[in-house]
Structure formats: structure tokens, C-alpha cells
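Novice: Supplied structure: model.csv, CSV, C-alpha atoms and all ligand atoms.
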```csv
chain,number,residue,atom,x,y,z
A,1,MET,CA,158.9,163.5,61.4
A,2,LYS,CA,157.1,162.5,58.2
A,3,LYS,CA,157.5,158.8,57.3
A,4,ILE,CA,159.5,158.2,54.2
A,5,VAL,CA,157.8,155.5,52.2
A,6,VAL,CA,159.8,153.5,49.6
A,7,SER,CA,157.0,151.2,48.5
A,8,ASN,CA,154.0,149.4,50.1
A,9,LYS,CA,154.7,149.0,53.8
A,10,VAL,CA,158.4,149.7,53.2
A,11,TYR,CA,160.0,152.7,55.0
A,12,TYR,CA,163.3,154.4,54.9
A,13,VAL,CA,164.7,154.9,58.4
A,14,GLY,CA,168.2,155.9,57.7
A,15,THR,CA,170.2,159.0,58.8
A,16,ASN,CA,173.0,161.4,57.8
A,17,ASP,CA,176.4,161.6,59.4
A,18,ARG,CA,177.8,165.1,59.1
A,19,LYS,CA,180.1,164.8,62.1
A,20,LYS,CA,182.5,162.0,61.1
A,21,SER,CA,185.6,163.3,59.3
A,22,LEU,CA,187.0,159.9,58.0
A,23,PHE,CA,184.9,156.9,56.9
A,24,GLU,CA,186.6,153.8,58.4
A,25,ASN,CA,188.9,156.4,59.9
A,26,ASN,CA,190.6,156.5,56.6
A,27,TRP,CA,188.5,158.1,53.8
A,28,PRO,CA,187.6,161.8,54.0
A,29,LEU,CA,183.9,162.8,54.2
A,30,PRO,CA,183.7,166.4,53.1
A,31,ASN,CA,180.1,165.8,52.1
A,32,GLY,CA,179.3,163.4,54.9
A,33,VAL,CA,177.7,160.0,54.4
A,34,SER,CA,174.3,158.5,55.0
A,35,TYR,CA,173.6,155.1,56.7
A,36,ASN,CA,170.4,153.6,55.3
A,37,SER,CA,168.1,151.2,57.1
A,38,TYR,CA,164.6,150.0,56.1
A,39,VAL,CA,161.5,148.8,57.9
A,40,ILE,CA,159.0,146.5,56.3
A,41,ALA,CA,155.8,146.7,58.3
A,42,ASP,CA,153.9,143.7,56.9
A,43,GLN,CA,152.0,140.9,58.6
A,44,LYS,CA,155.4,140.1,60.0
A,45,CYS,CA,157.7,143.1,60.5
A,46,ALA,CA,161.3,143.2,59.5
A,47,LEU,CA,164.2,145.7,59.8
A,48,ILE,CA,166.8,145.5,57.1
A,49,ASP,CA,170.3,146.5,58.5
A,50,THR,CA,170.8,149.0,61.2
A,51,LEU,CA,173.0,152.1,61.5
A,52,GLU,CA,176.3,153.1,62.9
A,53,PHE,CA,176.1,153.3,66.7
A,54,GLY,CA,175.1,156.7,67.9
A,55,SER,CA,174.4,158.2,64.5
A,56,LYS,CA,170.7,158.7,65.1
A,57,ASP,CA,169.5,159.2,68.7
A,58,ASP,CA,165.8,158.8,67.7
A,59,TYR,CA,166.3,155.7,65.6
A,60,LEU,CA,164.2,153.5,67.9
A,61,GLU,CA,161.4,156.0,68.1
A,62,VAL,CA,161.2,156.3,64.3
A,63,ILE,CA,161.0,152.6,64.0
A,64,GLU,CA,158.3,152.5,66.8
A,65,ASP,CA,156.3,155.2,65.0
A,66,ILE,CA,156.1,152.8,62.0
A,67,LEU,CA,155.5,149.7,64.0
A,68,GLN,CA,152.7,151.3,66.1
A,69,GLY,CA,153.2,149.0,69.1
A,70,ARG,CA,153.8,145.8,67.1
A,71,GLU,CA,156.9,143.6,67.6
A,72,LEU,CA,159.8,143.5,65.3
A,73,ASP,CA,159.8,139.9,64.0
A,74,TYR,CA,163.1,139.9,62.0
A,75,LEU,CA,166.3,141.8,61.9
A,76,ILE,CA,168.0,141.0,58.6
A,77,VAL,CA,171.7,141.4,58.7
A,78,ASN,CA,173.0,141.9,55.1
A,79,HIS,CA,176.4,143.0,56.2
A,80,MET,CA,178.4,143.0,59.5
A,81,GLU,CA,180.6,146.1,59.1
A,82,PRO,CA,179.7,148.2,62.1
A,83,ASP,CA,178.4,151.1,60.0
A,84,HIS,CA,175.4,148.9,59.5
A,85,SER,CA,175.5,146.5,62.4
A,86,SER,CA,176.5,148.4,65.5
A,87,MET,CA,172.9,149.2,66.6
A,88,ILE,CA,171.9,145.5,66.7
A,89,GLY,CA,172.3,145.5,70.5
A,90,TRP,CA,169.8,148.4,70.8
A,91,ILE,CA,167.3,146.6,68.6
A,92,ILE,CA,167.6,143.4,70.6
A,93,ARG,CA,167.1,145.2,73.9
A,94,LYS,CA,164.0,146.9,72.6
A,95,HIS,CA,162.7,143.8,70.8
A,96,PRO,CA,164.0,140.8,72.8
A,97,ASN,CA,162.1,138.3,70.6
A,98,VAL,CA,163.4,139.6,67.3
A,99,LYS,CA,164.9,136.9,65.2
A,100,ILE,CA,168.3,137.8,63.6
A,101,VAL,CA,168.4,136.6,60.0
A,102,ALA,CA,171.9,136.1,58.6
A,103,ASN,CA,173.9,133.7,56.5
A,104,HIS,CA,176.4,131.4,58.0
A,105,LYS,CA,179.5,133.5,57.4
A,106,ALA,CA,178.0,136.2,59.6
A,107,PHE,CA,177.6,133.9,62.6
A,108,LYS,CA,181.2,134.1,63.9
A,109,MET,CA,181.1,137.9,63.5
A,110,LEU,CA,177.8,138.3,65.3
A,111,ASP,CA,179.3,136.4,68.2
A,112,ALA,CA,182.7,138.2,68.0
A,113,PHE,CA,181.2,141.7,67.8
A,114,TYR,CA,178.0,141.5,69.8
A,115,GLY,CA,178.1,138.2,71.7
A,116,ILE,CA,175.1,136.8,69.8
A,117,PRO,CA,175.2,133.0,69.9
A,118,SER,CA,174.5,131.1,66.7
A,119,GLU,CA,171.6,129.2,68.2
A,120,SER,CA,169.6,132.4,68.3
A,121,ILE,CA,170.1,133.2,64.6
A,122,LEU,CA,167.9,132.2,61.7
A,123,GLU,CA,170.3,131.0,59.1
A,124,VAL,CA,169.5,131.7,55.5
A,125,LYS,CA,171.3,130.2,52.5
A,126,ASP,CA,171.6,131.5,49.0
A,127,GLY,CA,168.1,131.6,47.4
A,128,ASP,CA,166.2,131.0,50.7
A,129,GLU,CA,162.9,132.8,51.1
A,130,LEU,CA,161.2,134.5,54.0
A,131,ASN,CA,157.5,135.3,53.8
A,132,LEU,CA,156.4,138.4,55.6
A,133,GLY,CA,152.8,138.4,54.2
A,134,TYR,CA,152.5,140.7,51.3
A,135,HIS,CA,156.3,140.9,50.9
A,136,LYS,CA,158.3,137.8,50.1
A,137,LEU,CA,162.0,138.1,50.6
A,138,LYS,CA,164.7,136.2,48.9
A,139,PHE,CA,168.3,136.2,50.0
A,140,VAL,CA,171.2,136.5,47.5
A,141,LEU,CA,174.6,135.8,48.9
A,142,THR,CA,177.1,138.2,47.4
A,143,PRO,CA,180.4,137.5,49.2
A,144,TRP,CA,183.1,140.2,49.2
A,145,VAL,CA,180.7,143.0,48.1
A,146,HIS,CA,182.1,144.2,50.6
A,147,TRP,CA,183.0,141.6,53.3
A,148,PRO,CA,182.9,137.8,53.0
A,149,GLU,CA,179.5,137.6,54.7
A,150,THR,CA,177.8,140.2,52.6
A,151,MET,CA,174.4,139.4,51.1
A,152,MET,CA,171.5,141.2,49.5
A,153,THR,CA,167.8,140.9,50.2
A,154,TYR,CA,165.4,140.9,47.3
A,155,ASP,CA,161.7,141.5,47.7
A,156,THR,CA,160.1,139.5,45.0
A,157,THR,CA,156.7,141.3,45.4
A,158,ASP,CA,157.6,144.9,44.8
A,159,GLN,CA,161.0,144.0,43.2
A,160,ILE,CA,163.1,145.8,45.7
A,161,LEU,CA,166.8,145.0,46.0
A,162,PHE,CA,168.2,145.8,49.4
A,163,SER,CA,171.8,145.9,48.2
A,164,CYS,CA,173.8,147.0,51.2
A,165,ASP,CA,177.1,148.6,50.2
A,166,ALA,CA,176.6,147.8,46.5
A,167,PHE,CA,175.3,150.9,44.7
A,168,GLY,CA,176.2,153.0,47.7
A,169,SER,CA,177.6,156.5,47.8
A,170,PHE,CA,179.4,159.0,50.0
A,171,GLY,CA,177.5,162.2,50.6
A,172,THR,CA,174.5,162.9,52.9
A,173,LEU,CA,170.9,162.8,51.6
A,174,ASP,CA,170.1,166.5,51.9
A,175,GLY,CA,166.4,166.4,51.7
A,176,GLY,CA,166.2,164.3,48.6
A,177,ILE,CA,166.3,160.6,49.4
A,178,PHE,CA,165.3,159.2,46.0
A,179,ASP,CA,167.1,159.4,42.7
A,180,ASP,CA,164.3,161.5,41.2
A,181,GLU,CA,164.7,164.1,44.0
A,182,ILE,CA,168.4,164.8,43.6
A,183,ASN,CA,170.9,166.3,41.2
A,184,PHE,CA,172.8,163.1,40.4
A,185,SER,CA,175.8,164.9,39.0
A,186,PHE,CA,176.9,165.6,42.6
A,187,TYR,CA,176.4,162.0,43.7
A,188,GLU,CA,178.0,160.3,40.7
A,189,ASP,CA,181.4,161.5,41.7
A,190,GLU,CA,180.8,160.5,45.4
A,191,MET,CA,179.4,157.2,44.3
A,192,ARG,CA,182.5,156.4,42.2
A,193,ARG,CA,184.7,157.6,45.1
A,194,TYR,CA,182.9,155.2,47.4
A,195,TYR,CA,183.2,152.4,44.8
A,196,SER,CA,186.9,153.0,44.1
A,197,ASN,CA,187.8,153.4,47.8
A,198,ILE,CA,185.7,150.7,49.4
A,199,VAL,CA,184.3,148.2,46.9
A,200,GLY,CA,186.6,148.4,43.9
A,201,LYS,CA,189.2,145.9,45.2
A,202,TYR,CA,186.4,143.3,44.9
A,203,SER,CA,185.3,144.2,41.4
A,204,HIS,CA,185.5,140.6,40.2
A,205,MET,CA,183.1,139.7,43.0
A,206,VAL,CA,180.8,142.5,41.9
A,207,GLN,CA,180.7,140.9,38.5
A,208,LYS,CA,179.9,137.6,40.1
A,209,ALA,CA,177.0,139.3,42.0
A,210,PHE,CA,175.8,140.8,38.7
A,211,ALA,CA,175.8,137.3,37.2
A,212,LYS,CA,173.6,136.1,40.0
A,213,LEU,CA,171.2,139.0,39.7
A,214,GLN,CA,170.9,138.5,35.9
A,215,GLY,CA,167.3,138.4,34.8
A,216,ILE,CA,165.9,139.5,38.1
A,217,PRO,CA,163.5,142.4,37.6
A,218,ILE,CA,164.6,145.4,39.8
A,219,LYS,CA,162.2,148.3,40.3
A,220,PHE,CA,164.0,149.7,43.4
A,221,ILE,CA,167.5,149.6,44.7
A,222,CYS,CA,167.8,150.4,48.4
A,223,PRO,CA,171.5,150.6,49.2
A,224,SER,CA,172.9,151.2,52.7
A,225,HIS,CA,174.6,154.5,51.7
A,226,GLY,CA,173.4,157.3,49.4
A,227,PRO,CA,170.3,157.7,47.2
A,228,VAL,CA,167.5,155.2,47.0
A,229,TRP,CA,166.8,154.3,43.3
A,230,ARG,CA,163.2,154.1,42.4
A,231,SER,CA,163.0,155.9,39.0
A,232,ASN,CA,166.1,154.8,37.2
A,233,PRO,CA,167.7,151.9,39.0
A,234,SER,CA,169.3,150.8,35.7
A,235,LYS,CA,171.5,153.9,35.9
A,236,ALA,CA,173.1,152.6,39.1
A,237,ILE,CA,173.5,149.1,37.6
A,238,GLU,CA,175.0,150.5,34.5
A,239,LEU,CA,177.6,152.6,36.4
A,240,TYR,CA,178.5,149.7,38.8
A,241,ASP,CA,178.9,147.4,35.8
A,242,LYS,CA,181.2,149.8,34.1
A,243,TRP,CA,183.3,150.5,37.1
A,244,SER,CA,183.6,146.8,38.1
A,245,ARG,CA,184.6,146.0,34.5
A,246,HIS,CA,187.4,148.6,34.8
A,247,GLU,CA,186.0,150.6,31.9
A,248,SER,CA,187.3,154.1,32.0
A,249,GLU,CA,187.0,157.4,30.2
A,250,ASP,CA,189.6,159.2,28.0
A,251,GLY,CA,191.7,161.4,30.3
A,252,VAL,CA,195.0,161.5,32.2
A,253,VAL,CA,195.6,161.8,35.9
A,254,ILE,CA,199.1,163.1,36.7
A,255,VAL,CA,200.2,162.7,40.3
A,256,PHE,CA,203.4,164.1,41.7
A,257,ALA,CA,205.3,164.1,45.0
A,258,SER,CA,207.7,167.1,45.1
A,259,MET,CA,209.7,168.4,48.0
A,260,TYR,CA,211.0,171.7,46.5
A,261,GLY,CA,209.0,172.1,43.3
A,262,ASN,CA,211.2,170.5,40.7
A,263,THR,CA,209.1,167.3,40.3
A,264,GLU,CA,206.0,169.6,40.2
A,265,LYS,CA,207.5,171.5,37.3
A,266,MET,CA,207.9,168.2,35.4
A,267,ALA,CA,204.2,167.4,36.1
A,268,ASP,CA,203.0,170.8,34.8
A,269,TYR,CA,205.3,170.4,31.8
A,270,VAL,CA,203.9,167.1,30.7
A,271,ALA,CA,200.4,168.2,31.4
A,272,ARG,CA,200.8,171.1,29.0
A,273,LEU,CA,202.3,168.9,26.3
A,274,ILE,CA,199.3,166.5,26.6
A,275,SER,CA,196.9,169.5,26.5
A,276,GLU,CA,198.6,170.7,23.3
A,277,ARG,CA,197.7,167.4,21.8
A,278,GLY,CA,194.0,168.0,22.3
A,279,VAL,CA,193.3,166.1,25.5
A,280,LYS,CA,190.7,167.9,27.7
A,281,ASN,CA,190.5,165.7,30.7
A,282,ILE,CA,193.7,166.2,32.5
A,283,ARG,CA,194.0,166.3,36.3
A,284,VAL,CA,197.2,167.2,38.1
A,285,TYR,CA,197.5,166.3,41.8
A,286,ASP,CA,200.0,167.0,44.5
A,287,VAL,CA,199.8,163.7,46.5
A,288,SER,CA,201.1,165.6,49.6
A,289,LYS,CA,198.1,167.9,49.4
A,290,THR,CA,195.2,166.0,48.0
A,291,HIS,CA,194.0,162.9,50.0
A,292,VAL,CA,194.5,159.6,48.0
A,293,SER,CA,190.8,159.0,48.3
A,294,PHE,CA,190.1,161.7,45.6
A,295,ILE,CA,193.1,160.7,43.5
A,296,LEU,CA,192.0,157.1,43.4
A,297,ASN,CA,188.6,158.2,42.3
A,298,ASP,CA,190.0,160.0,39.3
A,299,ILE,CA,192.4,157.1,38.5
A,300,TRP,CA,189.4,154.8,38.5
A,301,LYS,CA,187.5,157.2,36.2
A,302,TYR,CA,190.2,157.9,33.6
A,303,LYS,CA,192.2,155.7,31.3
A,304,SER,CA,195.7,157.0,31.8
A,305,VAL,CA,198.0,157.6,34.8
A,306,ILE,CA,201.3,159.4,35.1
A,307,LEU,CA,203.2,159.2,38.4
A,308,GLY,CA,206.2,161.3,39.3
A,309,SER,CA,208.3,161.3,42.5
A,310,SER,CA,211.3,163.0,43.8
A,311,ALA,CA,213.9,160.7,45.4
A,312,TYR,CA,213.5,160.4,49.2
A,313,ASN,CA,215.9,158.3,51.3
A,314,ALA,CA,216.9,156.4,48.2
A,315,GLY,CA,213.2,155.5,47.5
A,316,MET,CA,210.1,157.4,46.4
A,317,HIS,CA,208.5,160.1,48.5
A,318,PRO,CA,206.5,158.7,51.4
A,319,MET,CA,203.3,160.3,50.2
A,320,MET,CA,203.7,158.7,46.8
A,321,GLN,CA,204.5,155.4,48.5
A,322,HIS,CA,201.1,155.7,50.3
A,323,LEU,CA,199.3,156.2,47.0
A,324,CYS,CA,201.2,153.3,45.4
A,325,ASN,CA,200.3,151.1,48.4
A,326,GLU,CA,196.6,151.9,48.0
A,327,LEU,CA,196.8,151.3,44.2
A,328,GLU,CA,198.3,147.9,44.8
A,329,VAL,CA,195.6,147.0,47.2
A,330,LEU,CA,192.6,148.4,45.3
A,331,ASN,CA,194.1,147.3,42.0
A,332,PRO,CA,192.4,149.4,39.2
A,333,LYS,CA,193.1,147.7,35.9
A,334,ASN,CA,193.4,148.5,32.2
A,335,LYS,CA,195.5,151.7,32.7
A,336,ASN,CA,198.0,153.3,30.4
A,337,TYR,CA,200.8,154.6,32.4
A,338,ALA,CA,204.1,156.6,32.4
A,339,LEU,CA,206.6,157.6,35.1
A,340,PHE,CA,209.0,160.4,35.9
A,341,GLY,CA,211.2,161.4,38.7
A,342,SER,CA,213.9,163.8,39.9
A,343,TYR,CA,216.9,163.4,42.2
A,344,SER,CA,219.8,165.3,43.7
A,345,TRP,CA,222.6,162.7,43.9
A,346,SER,CA,222.0,159.0,43.5
A,347,GLY,CA,218.2,158.9,42.9
A,348,GLY,CA,215.8,156.1,43.9
A,349,GLY,CA,212.4,157.8,43.4
A,350,LEU,CA,211.9,156.6,39.8
A,351,LYS,CA,213.5,153.2,40.5
A,352,SER,CA,210.9,152.6,43.2
A,353,LEU,CA,208.1,153.8,41.0
A,354,VAL,CA,209.3,151.4,38.3
A,355,ALA,CA,209.3,148.5,40.8
A,356,PHE,CA,205.7,149.4,41.9
A,357,ALA,CA,204.4,149.7,38.3
A,358,GLU,CA,205.9,146.3,37.4
A,359,LYS,CA,203.5,144.8,39.9
A,360,MET,CA,200.4,146.4,38.3
A,361,GLU,CA,199.1,144.9,35.1
A,362,TRP,CA,199.2,148.2,33.4
A,363,ILE,CA,200.4,149.3,29.9
A,364,GLN,CA,203.5,151.4,29.8
A,365,THR,CA,203.3,153.7,26.8
A,366,ALA,CA,206.7,155.4,26.9
A,367,SER,CA,210.1,155.3,28.7
A,368,PRO,CA,210.3,157.1,32.0
A,369,VAL,CA,211.8,160.6,32.3
A,370,GLU,CA,214.3,161.3,35.1
A,371,LEU,CA,216.4,164.3,35.7
A,372,ILE,CA,218.9,165.6,38.2
A,373,GLY,CA,218.4,169.0,39.9
A,374,SER,CA,216.1,171.6,38.4
A,375,PRO,CA,214.2,170.9,35.2
A,376,SER,CA,215.1,172.6,31.9
A,377,GLU,CA,213.7,172.1,28.4
A,378,SER,CA,216.6,169.9,27.3
A,379,LYS,CA,216.3,167.6,30.3
A,380,MET,CA,212.6,167.0,29.6
A,381,GLU,CA,212.7,165.9,26.0
A,382,GLY,CA,211.4,162.5,26.9
A,383,PHE,CA,208.1,163.9,27.9
A,384,ALA,CA,207.2,164.4,24.2
A,385,GLN,CA,207.1,160.6,23.8
A,386,ILE,CA,204.9,160.3,26.9
A,387,ALA,CA,202.5,163.0,25.7
A,388,ASN,CA,202.3,161.4,22.3
A,389,THR,CA,201.4,157.9,23.6
A,390,ILE,CA,199.6,158.2,26.9
A,391,ILE,CA,196.0,158.4,25.5
B,1,LIG,FE1,178.9,150.4,54.6
B,1,LIG,FE2,181.1,147.6,54.2
B,1,LIG,O1,180.0,148.9,55.1
```
Could you express the structure from this file as C-alpha cells?

Specialist:
Amino acid sequence: MKKIVVSNKVYYVGTNDRKKSLFENNWPLPNGVSYNSYVIADQKCALIDTLEFGSKDDYLEVIEDILQGRELDYLIVNHMEPDHSSMIGWIIRKHPNVKIVANHKAFKMLDAFYGIPSESILEVKDGDELNLGYHKLKFVLTPWVHWPETMMTYDTTDQILFSCDAFGSFGTLDGGIFDDEINFSFYEDEMRRYYSNIVGKYSHMVQKAFAKLQGIPIKFICPSHGPVWRSNPSKAIELYDKWSRHESEDGVVIVFASMYGNTEKMADYVARLISERGVKNIRVYDVSKTHVSFILNDIWKYKSVILGSSAYNAGMHPMMQHLCNELEVLNPKNKNYALFGSYSWSGGGLKSLVAFAEKMEWIQTASPVELIGSPSESKMEGFAQIANTII
């Protein structure tokens, strides 16, 4: 295979995973995902992060083809989640003298996951440097982007940021590896979905990482998933900054859980009212049909959310409960919201939604609408107020 050169002596040695259905056994991968790993073949040779175990059967050969018989001196572990670390054992077996480079928070995990004792690890602290010859690496600790031990590696020579999960994306790299080789409109959606599903919970830590990186010139961003940025890295930074500040676009996401169609009719009714008021970005989702991964992505994207549930065992529908649980964990902020529900005897769906919404620091724009039985025009008058105020 042709070598994929990022910059002087820096090579992309990642792979595509088109087999896995669920990332972390939770998030759908209709477009797959890439695991990115990089070799720097300098006077000293370094590998930056590995891949998910078994995702690339010729991984070692590809690395050997670049090293041309030389030893790997360093394996830099930016992040211990197994989608990047679970080939460490293979690397050690092939290169028994390789020095693992990690920060202290990774030590316990390296031992717990792979039985690697701390004595054999080269510890790096925030701002420490490692001279490979031409390339000089600097380590930037960025805890909780995505796990507590996460760090980034910055090459001060060619100004490359090996950012691990940050700036990553779902979606395989289908021929195009670099930002100037792809149609980014496809990846923007998958990048935001990755952000909202995986990293978004830690948005305040992303902002802390940005503060640390402030003023550092970045020519390349080499993340551990998705496209490598070499032409317009400021685009990736701009998007991440926006998402981690919880800035959103004008639009409404209406999500309903409906057992027999009555709550769905309410969702369609309010969607139409909002459309009549000139709003163009309206998405209506059946939470029992569309995986929460995609709904969360749109909730992160748009400013306003309307949630509706039928009553179910005196609470909200279980599928809506699942979405609410994820929203509570991932915690998108600065949302306008409204609620609705339906019931057959004593209710409970709307009451549970109200209890959920009180835990979020969102802005309620209008009173909820609740009705018994099947919807009719007269039972849904309250939706006018929601439609008038939600944007
Ligand atoms: Fe791509 Fe947090 O691992």
C-alpha cells in the first residue's frame, strides 16, 4: 500500500471500521468509523496511539514498512480508551524495547488493562518535551477530553496537534484522508454527532483545553477519528469552539413517544404551527424509531426542543425516558423548550417530563399542553403559545 504522508517523516497508519454496528456498544455507526494512528520516523521513531484490537490485520506490517527495520523508540499514549490503546500489547511484543510515554493518570489504566508496570513507563507532565531529532514533541494534558488521562501531543517543528478524540468524527475515511480531499458537508454532521454523543458532556473541559492551546500555531490537526486537517484546521477549531460553548442554530427539534399515534398527532400539529410562523429548520423524531444518537446530534445543533410523551405506567414512555436520561448525562445547554403529553386515565407522562426538564437549565417558553384521548383542535389550543414563543 502507498504510504500516507502527513508531513516530514510523519505518516498516517490508521484504518476504517465498517464492521462494528455500535461504537462503545451504544452509538450507531451507519457510516462506520476510522481509528487513526501516526508514525513519526525521525532519528528516534515514535508511534502516536494505536488502534482498536483486530481492526487492521496488517497494522504491524504497515508500521514496519515505514520503519524499514528500525526499532520503535516510543509509543505515545494520548488516551487509554481501548479504541486507541488495545493494540499496545502487539506493539510491545514486536518492539520489546519500546518506551511507553504517558502521563501519570494513565499509569493505573495501563496496568489494569494491559499489565504494564509503572516502572516501564516514561512519565510526561504538562508541557514536557521529547526530542525525536527533527521533530520536537510537547505534551499538553487535556483531562476529560475524553477521559481523565487524555492528553494531546504537539509537534513544535511542523506545528502538528495530535489531538486524539478532540476534533474527531464518526464516518470512515473513504479514500480521502485529509480535509482538502473530502466533501466536509458529510463529515460535519458526523463530527457533531461524535461531539454530542462522546465529548459534549465534557464541554467545559474542552474550553479549558482551548485556553491551554491559545496562541499555539497549528498547521495540522491529526485526530484519532475522522479526517486529518492540513488545509483548514481553523475550521475544526471553530466548530469545536462553537459546540463546546453550546452555541446553536435557529431551529426546533420535536421528539415524541407515542403508543397509538395520539401523541404523534400532537407533534405534527405543533410542527405545522411553527412552520406557519416561518421557521424552516424543524425536525420531528419518533424516539421509538430513531436512535437517540441522531436526536442528540440535532438537539446539540438547534436552539429549541419540544418533547412529548404518552403516559406509560404512570410515567413517561420508556423510550422517552432513555432520551431524557442521555440528555441529563450529556447536558446540552442554552435550550428553549416546551413539553406536551397525552393520557388515557390518570396521566404521568407530562408530569415526568416536567420533572426531567426542571433538572436541566433550559428556558421554558410556554406552558405545557396535555390532553386526554385523541387530539382535536379544541384540545390543542395551547400549542399556539408554544409555536409563538419557541424560537
Ligand atoms: Fe476514541 Fe475516547 O476514544

Novice: Looking at all atoms listed in the file, which of A:Ile306, A:Ala106, A:Leu51, A:Ala357 is the one that sits closest to Tyr35 of chain A?

Specialist: A:Leu51

Novice: So, with only C-alpha atoms and all ligand atoms as the atoms that count, which of A:Pro117, A:Gly226, A:Gly54, A:Gly176 lies closest to ligand LIG 1 (chain B)?

Specialist: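 Ranking A:Pro117, A:Gly226, A:Gly54, A:Gly176 by distance to ligand LIG 1 (chain B), first place goes to A:Gly226.
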
Novice: Just to confirm, what's the straight-line distance from atom CA of Gly347 of chain A to atom CA of His317 of chain A in Å (one decimal)?

Specialist: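 These atoms are spaced 11.3 Å apart.
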
Novice: Find the distance between atom CA of Lys235 of chain A and atom CA of Asn78 of chain A and write it in Å to one decimal.

Specialist: 22.7 Å

Novice: Which residues, written as a PyMOL selection string, have at least one atom at most 10 Å from Trp90 of chain A, with only C-alpha atoms counted and residues fewer than 3 positions away on the same chain left out?

Specialist: chain A and resi 50+53+59-60+86-87+93-96

Novice: Compare A:Lys379, A:His146, A:Lys3, A:Lys125 by their minimum atom-to-atom distance to ligand LIG 1 (chain B), counting only C-alpha atoms and all ligand atoms, and give me the closest one.

Specialist: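 Ranked by minimum distance to ligand LIG 1 (chain B), first place goes to A:His146.
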
Novice: Which of these residues is nearest to Gly215 of chain A, using all atoms listed in the file: A:Asn262, A:Gln159, A:Ser342, A:Thr172?

Specialist: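 Going through A:Asn262, A:Gln159, A:Ser342, A:Thr172 one by one, the smallest distance to Gly215 of chain A is for A:Gln159.
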
Novice: Using all atoms listed in the file, find each protein or nucleic acid residue lying at most 12 Å from ligand LIG 1 (chain B); present the set as number ranges by chain.

Specialist: A: 23-24, 33-37, 49-52, 77-86, 143-151, 163-170, 194-195, 197-200, 202, 223-226

Novice: Compile the contact shell of segment 255-260 of chain A as a PyMOL selection string: residues with an atom at most 9 Å away, counting all atoms listed in the file, same-chain residues fewer than 2 positions apart removed.

Specialist: chain A and resi 253+262-267+283-288+295+305-312+316-320+340-342

Novice: Between A:Lys2, A:Ala314, A:Phe107, A:Leu330, which one has atoms that come closest to Ser346 of chain A, using only C-alpha atoms?

Specialist: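 Between A:Lys2, A:Ala314, A:Phe107, A:Leu330, the residue approaching Ser346 of chain A most closely is A:Ala314.
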